[in-house]
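Printed here is upload-v8.cif (mmCIF, C-alpha atoms):
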```cif
data_run
#
loop_
_atom_site.group_PDB
_atom_site.id
_atom_site.type_symbol
_atom_site.label_atom_id
_atom_site.label_comp_id
_atom_site.auth_asym_id
_atom_site.auth_seq_id
_atom_site.Cartn_x
_atom_site.Cartn_y
_atom_site.Cartn_z
ATOM 1 C CA MET A 1 127.181 228.639 10.812
ATOM 2 C CA GLY A 2 123.931 229.926 9.405
ATOM 3 C CA THR A 3 120.435 231.024 10.281
ATOM 4 C CA SER A 4 117.785 228.345 10.186
ATOM 5 C CA SER A 5 114.070 227.983 9.497
ATOM 6 C CA PHE A 6 114.055 225.747 12.582
ATOM 7 C CA GLY A 7 113.434 228.820 14.745
ATOM 8 C CA GLU A 8 110.272 229.830 12.920
ATOM 9 C CA THR A 9 108.890 226.301 13.064
ATOM 10 C CA PHE A 10 109.820 225.987 16.725
ATOM 11 C CA ALA A 11 108.167 229.314 17.575
ATOM 12 C CA ARG A 12 104.865 228.370 15.928
ATOM 13 C CA ARG A 13 104.549 225.345 18.204
ATOM 14 C CA PHE A 14 104.296 227.767 21.149
ATOM 15 C CA GLY A 15 102.108 230.362 19.458
ATOM 16 C CA ALA A 16 104.932 232.841 18.828
ATOM 17 C CA PRO A 17 105.269 234.520 15.407
ATOM 18 C CA THR A 18 108.981 233.800 14.991
ATOM 19 C CA ALA A 19 112.222 233.131 16.843
ATOM 20 C CA PRO A 20 115.771 233.804 15.648
ATOM 21 C CA SER A 21 118.031 230.776 15.467
ATOM 22 C CA VAL A 22 121.528 229.843 14.397
ATOM 23 C CA THR A 23 122.796 226.460 13.262
ATOM 24 C CA ALA A 24 126.406 225.405 13.668
ATOM 25 C CA THR A 25 128.075 222.217 12.511
ATOM 26 C CA VAL A 26 129.890 220.571 15.402
ATOM 27 C CA LEU A 27 133.150 219.031 14.267
ATOM 28 C CA ARG A 28 131.989 219.225 10.628
ATOM 29 C CA LYS A 29 129.574 216.317 11.089
ATOM 30 C CA SER A 30 126.516 217.127 13.220
ATOM 31 C CA ASP A 31 124.320 220.230 13.261
ATOM 32 C CA VAL A 32 123.299 221.923 16.500
ATOM 33 C CA THR A 33 120.597 224.591 16.398
ATOM 34 C CA ALA A 34 120.244 227.294 19.036
ATOM 35 C CA THR A 35 116.975 229.247 19.158
ATOM 36 C CA TYR A 36 115.980 232.328 21.135
ATOM 37 C CA LEU A 37 112.234 232.211 21.861
ATOM 38 C CA CYS A 38 110.587 235.370 23.177
ATOM 39 C CA GLN A 39 106.883 234.770 23.802
ATOM 40 C CA GLU A 40 105.901 237.455 26.328
ATOM 41 C CA THR A 41 102.163 236.700 26.261
ATOM 42 C CA PRO A 42 101.001 233.219 27.353
ATOM 43 C CA THR A 43 98.583 231.552 24.946
ATOM 44 C CA TYR A 44 96.925 229.468 27.714
ATOM 45 C CA GLU A 45 96.859 226.598 25.273
ATOM 46 C CA PHE A 46 98.823 223.409 24.788
ATOM 47 C CA SER A 47 101.923 223.769 22.669
ATOM 48 C CA GLU A 48 102.196 221.506 19.660
ATOM 49 C CA PRO A 49 104.162 218.340 20.466
ATOM 50 C CA GLN A 50 107.777 218.457 19.398
ATOM 51 C CA PRO A 51 108.141 216.077 16.440
ATOM 52 C CA TYR A 52 109.861 212.754 16.991
ATOM 53 C CA ALA A 53 113.617 213.068 16.570
ATOM 54 C CA GLU A 54 116.746 211.236 17.624
ATOM 55 C CA ALA A 55 117.751 214.313 19.597
ATOM 56 C CA TYR A 56 117.474 216.165 22.871
ATOM 57 C CA LEU A 57 116.142 219.649 23.520
ATOM 58 C CA VAL A 58 117.923 221.610 26.246
ATOM 59 C CA SER A 59 115.927 224.681 27.319
ATOM 60 C CA MET A 60 117.030 227.561 29.521
ATOM 61 C CA GLY A 61 114.291 229.969 30.564
ATOM 62 C CA LEU A 62 115.202 233.530 31.505
ATOM 63 C CA TYR A 63 112.069 233.912 33.664
ATOM 64 C CA ASP A 64 110.547 231.618 36.278
ATOM 65 C CA PHE A 65 107.964 229.097 35.072
ATOM 66 C CA PRO A 66 105.851 228.486 38.191
ATOM 67 C CA GLY A 67 102.936 226.751 36.454
ATOM 68 C CA TYR A 68 105.008 224.112 34.687
ATOM 69 C CA THR A 69 103.058 221.184 33.207
ATOM 70 C CA LEU A 70 104.586 218.609 30.901
ATOM 71 C CA TRP A 71 103.460 215.679 28.750
ATOM 72 C CA GLU A 72 105.811 213.055 27.341
ATOM 73 C CA ALA A 73 104.815 210.064 25.208
ATOM 74 C CA GLY A 74 101.191 211.113 25.620
ATOM 75 C CA ARG A 75 101.099 211.102 29.432
ATOM 76 C CA GLN A 76 101.396 213.863 31.996
ATOM 77 C CA ILE A 77 104.682 213.950 33.919
ATOM 78 C CA PRO A 78 104.899 215.062 37.580
ATOM 79 C CA THR A 79 106.545 218.479 37.615
ATOM 80 C CA GLU A 80 107.974 221.142 39.894
ATOM 81 C CA PRO A 81 108.130 224.905 39.245
ATOM 82 C CA VAL A 82 111.185 225.855 37.204
ATOM 83 C CA VAL A 83 113.313 228.715 38.522
ATOM 84 C CA ALA A 84 115.259 230.815 36.002
ATOM 85 C CA PRO A 85 117.833 230.259 34.679
ATOM 86 C CA HIS A 86 117.670 226.535 35.470
ATOM 87 C CA ILE A 87 117.645 224.266 32.424
ATOM 88 C CA THR A 88 115.197 221.533 31.473
ATOM 89 C CA ILE A 89 116.054 218.604 29.196
ATOM 90 C CA TYR A 90 113.671 216.735 26.892
ATOM 91 C CA ASP A 91 114.114 213.549 24.912
ATOM 92 C CA LEU A 92 112.476 214.334 21.580
ATOM 93 C CA ARG A 93 111.713 210.652 21.018
ATOM 94 C CA ALA A 94 108.950 211.217 23.606
ATOM 95 C CA GLU A 95 107.417 214.098 21.559
ATOM 96 C CA PRO A 96 107.053 216.400 24.620
ATOM 97 C CA TYR A 97 104.654 219.335 24.922
ATOM 98 C CA ILE A 98 103.625 221.779 27.650
ATOM 99 C CA PHE A 99 100.719 224.006 28.653
ATOM 100 C CA VAL A 100 101.737 227.604 27.868
ATOM 101 C CA ASN A 101 100.464 229.445 30.958
ATOM 102 C CA ASN A 102 103.593 231.560 31.526
ATOM 103 C CA ARG A 103 105.687 233.762 29.301
ATOM 104 C CA LEU A 104 108.338 231.824 27.401
ATOM 105 C CA VAL A 105 111.591 233.768 27.079
ATOM 106 C CA GLY A 106 114.785 231.797 26.796
ATOM 107 C CA LEU A 107 117.254 229.738 24.808
ATOM 108 C CA HIS A 108 116.653 226.300 23.362
ATOM 109 C CA PHE A 109 119.308 223.949 21.990
ATOM 110 C CA HIS A 110 118.451 221.130 19.597
ATOM 111 C CA LEU A 111 121.185 218.519 20.134
ATOM 112 C CA PRO A 112 121.112 215.444 17.849
ATOM 113 C CA ARG A 113 122.128 212.219 19.557
ATOM 114 C CA SER A 114 124.673 211.795 16.757
ATOM 115 C CA MET A 115 126.450 214.902 18.033
ATOM 116 C CA PHE A 116 127.446 213.103 21.227
ATOM 117 C CA ASP A 117 128.891 210.276 19.132
ATOM 118 C CA VAL A 118 130.956 212.776 17.163
ATOM 119 C CA VAL A 119 132.241 214.465 20.334
ATOM 120 C CA ALA A 120 133.130 211.084 21.870
ATOM 121 C CA ASP A 121 134.855 209.841 18.717
ATOM 122 C CA HIS A 122 136.998 212.956 18.406
ATOM 123 C CA ALA A 123 137.931 212.720 22.075
ATOM 124 C CA SER A 124 138.803 209.022 21.753
ATOM 125 C CA ALA A 125 136.187 208.347 24.453
ATOM 126 C CA ARG A 126 133.509 205.692 24.775
ATOM 127 C CA ARG A 127 130.182 206.664 23.209
ATOM 128 C CA ILE A 128 127.371 207.426 25.642
ATOM 129 C CA GLY A 129 123.821 206.095 25.811
ATOM 130 C CA ASP A 130 120.838 208.078 27.054
ATOM 131 C CA LEU A 131 121.264 211.253 29.074
ATOM 132 C CA GLU A 132 120.280 211.038 32.743
ATOM 133 C CA TYR A 133 118.363 214.007 34.141
ATOM 134 C CA PRO A 134 115.282 214.751 36.279
ATOM 135 C CA HIS A 135 112.123 214.749 34.174
ATOM 136 C CA GLY A 136 109.701 217.559 34.965
ATOM 137 C CA SER A 137 112.020 219.801 37.000
ATOM 138 C CA GLY A 138 114.779 222.304 36.421
ATOM 139 C CA ILE A 139 118.516 221.798 36.876
ATOM 140 C CA ASP A 140 120.924 224.403 38.191
ATOM 141 C CA ASP A 141 123.713 224.391 35.587
ATOM 142 C CA PRO A 142 125.915 227.525 35.739
ATOM 143 C CA THR A 143 128.192 226.281 32.952
ATOM 144 C CA MET A 144 125.260 225.936 30.571
ATOM 145 C CA TYR A 145 123.999 229.374 31.584
ATOM 146 C CA HIS A 146 127.266 231.123 30.769
ATOM 147 C CA LEU A 147 127.749 229.239 27.503
ATOM 148 C CA GLY A 148 124.195 229.998 26.441
ATOM 149 C CA MET A 149 124.312 233.684 27.335
ATOM 150 C CA SER A 150 127.539 234.123 25.375
ATOM 151 C CA LEU A 151 125.474 233.391 22.248
ATOM 152 C CA MET A 152 122.936 236.174 22.828
ATOM 153 C CA PRO A 153 124.778 238.635 20.503
ATOM 154 C CA ALA A 154 124.342 236.070 17.713
ATOM 155 C CA PHE A 155 120.558 236.557 17.983
ATOM 156 C CA GLN A 156 120.598 240.302 18.637
ATOM 157 C CA ASN A 157 123.123 241.140 15.894
ATOM 158 C CA PRO A 158 123.712 238.062 13.698
ATOM 159 C CA GLN A 159 126.163 239.928 11.466
ATOM 160 C CA TRP A 160 128.483 240.387 14.453
ATOM 161 C CA ALA A 161 128.689 236.678 15.354
ATOM 162 C CA SER A 162 131.605 234.885 13.740
ATOM 163 C CA ARG A 163 131.343 231.285 12.614
ATOM 164 C CA LEU A 164 134.421 230.380 14.656
ATOM 165 C CA PHE A 165 132.860 231.727 17.852
ATOM 166 C CA VAL A 166 129.445 230.072 17.406
ATOM 167 C CA GLU A 167 131.007 226.711 16.519
ATOM 168 C CA SER A 168 133.359 226.936 19.513
ATOM 169 C CA VAL A 169 130.455 227.574 21.891
ATOM 170 C CA THR A 170 128.184 224.872 20.461
ATOM 171 C CA THR A 171 131.035 222.339 20.564
ATOM 172 C CA ALA A 172 131.596 223.242 24.216
ATOM 173 C CA ILE A 173 127.868 222.848 24.927
ATOM 174 C CA GLY A 174 127.840 219.388 23.339
ATOM 175 C CA ALA A 175 130.857 218.284 25.377
ATOM 176 C CA HIS A 176 129.437 219.714 28.614
ATOM 177 C CA ILE A 177 125.998 218.094 28.252
ATOM 178 C CA GLY A 178 127.598 214.801 27.284
ATOM 179 C CA GLN A 179 129.960 214.880 30.261
ATOM 180 C CA ARG A 180 127.540 216.038 32.959
ATOM 181 C CA TYR A 181 124.427 214.117 31.927
ATOM 182 C CA GLY A 182 125.768 211.270 29.802
ATOM 183 C CA GLY A 183 128.901 210.215 31.624
ATOM 184 C CA LEU A 184 131.168 211.112 28.696
ATOM 185 C CA ARG A 185 134.773 210.821 29.832
ATOM 186 C CA VAL A 186 137.170 212.973 27.841
ATOM 187 C CA VAL A 187 140.826 212.253 28.520
ATOM 188 C CA ALA A 188 143.102 215.242 28.043
ATOM 189 C CA PRO A 189 146.123 214.641 25.810
ATOM 190 C CA ARG A 190 149.440 214.275 27.590
ATOM 191 C CA ARG A 191 151.184 216.893 25.488
ATOM 192 C CA ARG A 192 150.576 220.447 26.652
ATOM 193 C CA GLY A 193 150.235 223.227 24.144
ATOM 194 C CA LEU A 194 150.870 223.273 20.421
ATOM 195 C CA ALA A 195 154.122 222.430 18.717
ATOM 196 C CA ALA A 196 155.783 225.441 17.100
ATOM 197 C CA TRP A 197 154.673 224.403 13.602
ATOM 198 C CA GLN A 198 151.099 223.881 14.789
ATOM 199 C CA GLU A 199 150.892 227.276 16.444
ATOM 200 C CA ARG A 200 152.367 228.911 13.333
ATOM 201 C CA ALA A 201 149.872 227.141 11.051
ATOM 202 C CA ALA A 202 146.922 228.043 13.276
ATOM 203 C CA VAL A 203 147.932 231.684 13.522
ATOM 204 C CA GLU A 204 148.390 231.912 9.749
ATOM 205 C CA MET A 205 144.894 230.513 9.159
ATOM 206 C CA LEU A 206 143.319 232.822 11.720
ATOM 207 C CA ASP A 207 145.197 235.838 10.334
ATOM 208 C CA ALA A 208 143.894 235.012 6.870
ATOM 209 C CA ASN A 209 140.296 234.840 8.164
ATOM 210 C CA LEU A 210 139.946 237.793 10.511
ATOM 211 C CA ASP A 211 136.169 237.780 10.065
ATOM 212 C CA GLY A 212 136.087 234.409 11.846
ATOM 213 C CA ASP A 213 134.302 232.695 8.970
ATOM 214 C CA ILE A 214 136.400 229.547 9.227
ATOM 215 C CA PRO A 215 135.402 226.252 10.869
ATOM 216 C CA LEU A 216 137.237 225.354 14.045
ATOM 217 C CA ALA A 217 137.569 221.830 12.648
ATOM 218 C CA SER A 218 139.498 223.105 9.607
ATOM 219 C CA ILE A 219 142.175 224.731 11.756
ATOM 220 C CA ALA A 220 142.367 221.651 13.967
ATOM 221 C CA ALA A 221 142.740 219.390 10.932
ATOM 222 C CA ARG A 222 145.630 221.521 9.680
ATOM 223 C CA CYS A 223 147.304 220.903 13.056
ATOM 224 C CA ARG A 224 146.448 217.180 12.920
ATOM 225 C CA LEU A 225 144.402 217.380 16.106
ATOM 226 C CA SER A 226 140.756 216.907 17.043
ATOM 227 C CA PRO A 227 138.910 220.222 17.483
ATOM 228 C CA SER A 228 138.566 219.804 21.250
ATOM 229 C CA HIS A 229 142.264 218.958 21.688
ATOM 230 C CA PHE A 230 143.260 221.811 19.392
ATOM 231 C CA ALA A 231 141.176 224.373 21.287
ATOM 232 C CA ARG A 232 142.684 223.241 24.598
ATOM 233 C CA ALA A 233 146.254 223.209 23.273
ATOM 234 C CA PHE A 234 145.840 226.583 21.548
ATOM 235 C CA ARG A 235 144.729 228.136 24.814
ATOM 236 C CA GLN A 236 147.669 226.585 26.640
ATOM 237 C CA SER A 237 150.073 227.988 24.056
ATOM 238 C CA THR A 238 148.601 231.474 23.625
ATOM 239 C CA GLY A 239 146.669 232.049 26.848
ATOM 240 C CA LEU A 240 143.429 232.578 24.919
ATOM 241 C CA PRO A 241 140.807 230.392 23.185
ATOM 242 C CA PRO A 242 140.903 230.747 19.370
ATOM 243 C CA HIS A 243 137.940 233.124 19.074
ATOM 244 C CA ARG A 244 139.319 235.437 21.793
ATOM 245 C CA TRP A 245 142.768 235.403 20.189
ATOM 246 C CA LEU A 246 141.162 236.345 16.881
ATOM 247 C CA LEU A 247 139.316 239.238 18.496
ATOM 248 C CA GLN A 248 142.537 240.545 20.050
ATOM 249 C CA ARG A 249 144.290 240.210 16.688
ATOM 250 C CA ARG A 250 141.575 242.297 15.041
ATOM 251 C CA ILE A 251 142.088 245.004 17.648
ATOM 252 C CA GLU A 252 145.874 244.974 17.196
ATOM 253 C CA LYS A 253 145.543 245.316 13.429
ATOM 254 C CA ALA A 254 142.957 248.078 13.852
ATOM 255 C CA LYS A 255 145.289 250.028 16.159
ATOM 256 C CA GLY A 256 148.032 249.845 13.542
ATOM 257 C CA ALA A 257 145.670 251.140 10.871
ATOM 258 C CA LEU A 258 144.337 253.906 13.111
ATOM 259 C CA ARG A 259 147.869 255.039 13.927
ATOM 260 C CA ASP A 260 149.564 254.667 10.545
ATOM 261 C CA SER A 261 146.930 255.205 7.849
ATOM 262 C CA PRO A 262 144.341 257.856 6.951
ATOM 263 C CA ALA A 263 141.687 255.214 6.231
ATOM 264 C CA THR A 264 138.153 255.850 7.459
ATOM 265 C CA LEU A 265 136.772 253.959 10.431
ATOM 266 C CA ALA A 266 134.404 252.102 8.106
ATOM 267 C CA ASP A 267 137.279 250.947 5.885
ATOM 268 C CA ILE A 268 139.364 249.895 8.880
ATOM 269 C CA ALA A 269 136.406 247.970 10.277
ATOM 270 C CA THR A 270 136.049 246.004 7.039
ATOM 271 C CA SER A 271 139.779 245.328 6.611
ATOM 272 C CA CYS A 272 140.068 244.049 10.192
ATOM 273 C CA GLY A 273 137.221 241.554 9.964
ATOM 274 C CA PHE A 274 134.421 243.460 11.696
ATOM 275 C CA ALA A 275 130.903 243.354 10.298
ATOM 276 C CA ASP A 276 130.624 247.136 10.064
ATOM 277 C CA GLN A 277 131.741 250.374 11.737
ATOM 278 C CA SER A 278 129.180 250.007 14.527
ATOM 279 C CA HIS A 279 130.437 246.530 15.370
ATOM 280 C CA PHE A 280 134.047 247.776 15.264
ATOM 281 C CA THR A 281 133.303 250.704 17.557
ATOM 282 C CA ARG A 282 131.428 248.585 20.078
ATOM 283 C CA VAL A 283 134.103 245.895 20.366
ATOM 284 C CA PHE A 284 137.049 248.309 20.310
ATOM 285 C CA THR A 285 135.506 250.502 23.020
ATOM 286 C CA LYS A 286 134.714 247.492 25.211
ATOM 287 C CA LEU A 287 138.220 246.019 24.996
ATOM 288 C CA VAL A 288 140.357 249.173 24.822
ATOM 289 C CA GLY A 289 138.311 251.514 26.971
ATOM 290 C CA VAL A 290 137.964 254.343 24.437
ATOM 291 C CA SER A 291 136.369 254.623 20.999
ATOM 292 C CA PRO A 292 138.485 254.122 17.852
ATOM 293 C CA GLY A 293 138.191 257.811 17.015
ATOM 294 C CA GLU A 294 139.385 258.860 20.455
ATOM 295 C CA TRP A 295 142.241 256.324 20.377
ATOM 296 C CA ARG A 296 143.361 257.725 16.992
ATOM 297 C CA ARG A 297 143.369 261.298 18.346
ATOM 298 C CA ARG A 298 145.506 260.260 21.329
ATOM 299 C CA HIS A 299 148.022 258.362 19.194
#
```
Hey, can you dump this file as structure tokens for me?
Amino acid sequence: MGTSSFGETFARRFGAPTAPSVTATVLRKSDVTATYLCQETPTYEFSEPQPYAEAYLVSMGLYDFPGYTLWEAGRQIPTEPVVAPHITIYDLRAEPYIFVNNRLVGLHFHLPRSMFDVVADHASARRIGDLEYPHGSGIDDPTMYHLGMSLMPAFQNPQWASRLFVESVTTAIGAHIGQRYGGLRVVAPRRRGLAAWQERAAVEMLDANLDGDIPLASIAARCRLSPSHFARAFRQSTGLPPHRWLLQRRIEKAKGALRDSPATLADIATSCGFADQSHFTRVFTKLVGVSPGEWRRRH
């Protein structure tokens, strides 16, 4: 996972000064970029056309877009007002652009067509063709909304977003879009959960990388599974997806340090994989119900 200049370039096409973005490699083969665009003041001008690419753009506005106008392949497309947080999908081979007569605040996902091939190949499924979706109108997609909003901390506090978490979410987004709009059929493996040796290997790798800076695909490869099958089996075995398990493990280790050592909160935060003391305090308080300092006093 890393930040990308894609966001700045994307923002300029809509008249915004900049936009934070993160890029994650899905299954170690195809990059997906997520961008948060916050253009509060309409320019009342045409945006620059998106450059031709073998990719789709999935946009989720956080405010209504009542005056929605769209051009694709040089011609105006019939449109309907878009209600937040409905998503809109664009084929970047058509070099789409809009008239910016409303504020643009929302998330945008650049999904290469190759990503769907990678997801299908790892799921032993048939590759898909073009996505099917209504051009010029929004789509109510609660799954996409919740996946997208889970990434907001990555834009607000990039140092708090682990690579494992961002890659898990972007992989899920790729699978969801491929399934709902491309007819991708993923067949779940017959075996439920991880074998004992697989669970042990996964836990050892996660324990050794508490900061989450480890690709999901690397852990899956160690278990001789595809990333999607590994994530599903790990949850069946432990009751939690890998990134949530890792977060709980950080908290458990932090509790031990708070109880048994005189280390400062800043040192404990670092040793348990948190970005800094502020990040540690926020997560600990949210999950435990009290601050680390208060928990230490009580125990």
If I put a ball of radius 8 Å at (121.9, 217.9, 19.0) in the file's coordinates, which residues poke into it when counting all atoms listed in the file, written as a ChimeraX atom specification? /A:30-33,55-57,109-116,174
Residues within 12 Å of Arg244 of chain A, all atoms listed in the file, excluding chain neighbours under 3 positions, as a PDB file with C-alpha atoms, in the coordinates of the input:
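This is the output file around_21.pdb:
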```pdb
ATOM      1  CA  SER A 162     131.605 234.885  13.740  1.00  0.00           C
ATOM      2  CA  LEU A 164     134.421 230.380  14.656  1.00  0.00           C
ATOM      3  CA  PHE A 165     132.860 231.727  17.852  1.00  0.00           C
ATOM      4  CA  SER A 168     133.359 226.936  19.513  1.00  0.00           C
ATOM      5  CA  VAL A 169     130.455 227.574  21.891  1.00  0.00           C
ATOM      6  CA  LEU A 206     143.319 232.822  11.720  1.00  0.00           C
ATOM      7  CA  LEU A 210     139.946 237.793  10.511  1.00  0.00           C
ATOM      8  CA  GLY A 212     136.087 234.409  11.846  1.00  0.00           C
ATOM      9  CA  ALA A 231     141.176 224.373  21.287  1.00  0.00           C
ATOM     10  CA  PHE A 234     145.840 226.583  21.548  1.00  0.00           C
ATOM     11  CA  ARG A 235     144.729 228.136  24.814  1.00  0.00           C
ATOM     12  CA  THR A 238     148.601 231.474  23.625  1.00  0.00           C
ATOM     13  CA  GLY A 239     146.669 232.049  26.848  1.00  0.00           C
ATOM     14  CA  LEU A 240     143.429 232.578  24.919  1.00  0.00           C
ATOM     15  CA  PRO A 241     140.807 230.392  23.185  1.00  0.00           C
ATOM     16  CA  LEU A 247     139.316 239.238  18.496  1.00  0.00           C
ATOM     17  CA  GLN A 248     142.537 240.545  20.050  1.00  0.00           C
ATOM     18  CA  ARG A 249     144.290 240.210  16.688  1.00  0.00           C
ATOM     19  CA  ARG A 250     141.575 242.297  15.041  1.00  0.00           C
ATOM     20  CA  ILE A 251     142.088 245.004  17.648  1.00  0.00           C
ATOM     21  CA  VAL A 283     134.103 245.895  20.366  1.00  0.00           C
ATOM     22  CA  LEU A 287     138.220 246.019  24.996  1.00  0.00           C
TER      23      LEU A 287
END
```
Given all atoms listed in the file as the basis, pick out the residue of A:Ala257, A:Val166, A:Ala24, A:Val83 nearest to Thr270 of chain A.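 Looking only at the distances to Thr270 of chain A, the closest residue turns out to be A:Ala257.
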Selected residue, from A:Gly182, A:Pro78, A:Gly106, A:Gly136, that lies nearest to Val119 of chain A when counting all atoms listed in the file: A:Gly182
Report as a PyMOL selection string the residues that result from applying the PyMOL selection byres ((chain A and resi 91) around 10) to the structure here. chain A and resi 50+52-58+72-73+89-90+92-96+111+113+130-131+135
Once you have the residues from the selection above, write them out as a compact mmCIF listing (two decimals), in the frame of the given file, restricted to C-alpha atoms.
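So the final result, stored in again_34.txt, reads:
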```txt
# COMPACT_ATOMS: atom_id res chain seq x y z
CA GLN A 50 107.78 218.46 19.40
CA TYR A 52 109.86 212.75 16.99
CA ALA A 53 113.62 213.07 16.57
CA GLU A 54 116.75 211.24 17.62
CA ALA A 55 117.75 214.31 19.60
CA TYR A 56 117.47 216.16 22.87
CA LEU A 57 116.14 219.65 23.52
CA VAL A 58 117.92 221.61 26.25
CA GLU A 72 105.81 213.06 27.34
CA ALA A 73 104.82 210.06 25.21
CA ILE A 89 116.05 218.60 29.20
CA TYR A 90 113.67 216.74 26.89
CA LEU A 92 112.48 214.33 21.58
CA ARG A 93 111.71 210.65 21.02
CA ALA A 94 108.95 211.22 23.61
CA GLU A 95 107.42 214.10 21.56
CA PRO A 96 107.05 216.40 24.62
CA LEU A 111 121.18 218.52 20.13
CA ARG A 113 122.13 212.22 19.56
CA ASP A 130 120.84 208.08 27.05
CA LEU A 131 121.26 211.25 29.07
CA HIS A 135 112.12 214.75 34.17
```
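Across the structure, atom CA of Arg224 of chain A and atom CA of His146 of chain A are spaced 29.7 Å apart.
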Got a sec to resolve the PyMOL selection byres ((chain A and resi 160) around 9) on this structure and send the residues as a list in words? Pro153, Ala154, Gln156, Asn157, Pro158, Gln159, Ala161, Ser162, Phe274, Ala275, Asp276 and His279 of chain A
Give as a PyMOL selection string the residues that the PyMOL selection byres ((chain A and resi 68) around 10) matches when applied to the coordinates above. chain A and resi 64-67+69-70+78-82+98-102+136-137
What does the structure give for the distance between atom CA of Pro85 of chain A and atom CA of Met60 of chain A, in Å to one decimal? 5.9 Å
Atoms are missing here; could segment 245-257 of chain A be completed with N, CA and C atoms and written as a short mmCIF file (atom, residue, chain, number, x, y, z; two decimals), in the coordinates of the input?
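part34.cif written:
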```
data_model
loop_
_atom_site.label_atom_id
_atom_site.label_comp_id
_atom_site.auth_asym_id
_atom_site.auth_seq_id
_atom_site.Cartn_x
_atom_site.Cartn_y
_atom_site.Cartn_z
N TRP A 245 141.51 235.01 20.81
CA TRP A 245 142.77 235.40 20.19
C TRP A 245 142.48 236.18 18.91
N LEU A 246 141.51 235.69 18.14
CA LEU A 246 141.16 236.34 16.88
C LEU A 246 140.64 237.76 17.13
N LEU A 247 139.84 237.92 18.17
CA LEU A 247 139.32 239.24 18.50
C LEU A 247 140.44 240.20 18.87
N GLN A 248 141.40 239.71 19.67
CA GLN A 248 142.54 240.54 20.05
C GLN A 248 143.37 240.90 18.82
N ARG A 249 143.51 239.95 17.90
CA ARG A 249 144.29 240.21 16.69
C ARG A 249 143.61 241.28 15.85
N ARG A 250 142.30 241.25 15.77
CA ARG A 250 141.57 242.30 15.04
C ARG A 250 141.87 243.67 15.64
N ILE A 251 141.85 243.73 16.97
CA ILE A 251 142.09 245.00 17.65
C ILE A 251 143.51 245.49 17.40
N GLU A 252 144.48 244.58 17.45
CA GLU A 252 145.87 244.97 17.20
C GLU A 252 146.04 245.53 15.78
N LYS A 253 145.45 244.85 14.81
CA LYS A 253 145.54 245.32 13.43
C LYS A 253 144.84 246.66 13.26
N ALA A 254 143.70 246.82 13.94
CA ALA A 254 142.96 248.08 13.85
C ALA A 254 143.78 249.22 14.45
N LYS A 255 144.45 248.98 15.56
CA LYS A 255 145.29 250.03 16.16
C LYS A 255 146.39 250.48 15.19
N GLY A 256 147.00 249.49 14.51
CA GLY A 256 148.03 249.84 13.54
C GLY A 256 147.48 250.71 12.43
N ALA A 257 146.28 250.36 11.94
CA ALA A 257 145.67 251.14 10.87
C ALA A 257 145.25 252.53 11.36
#
```
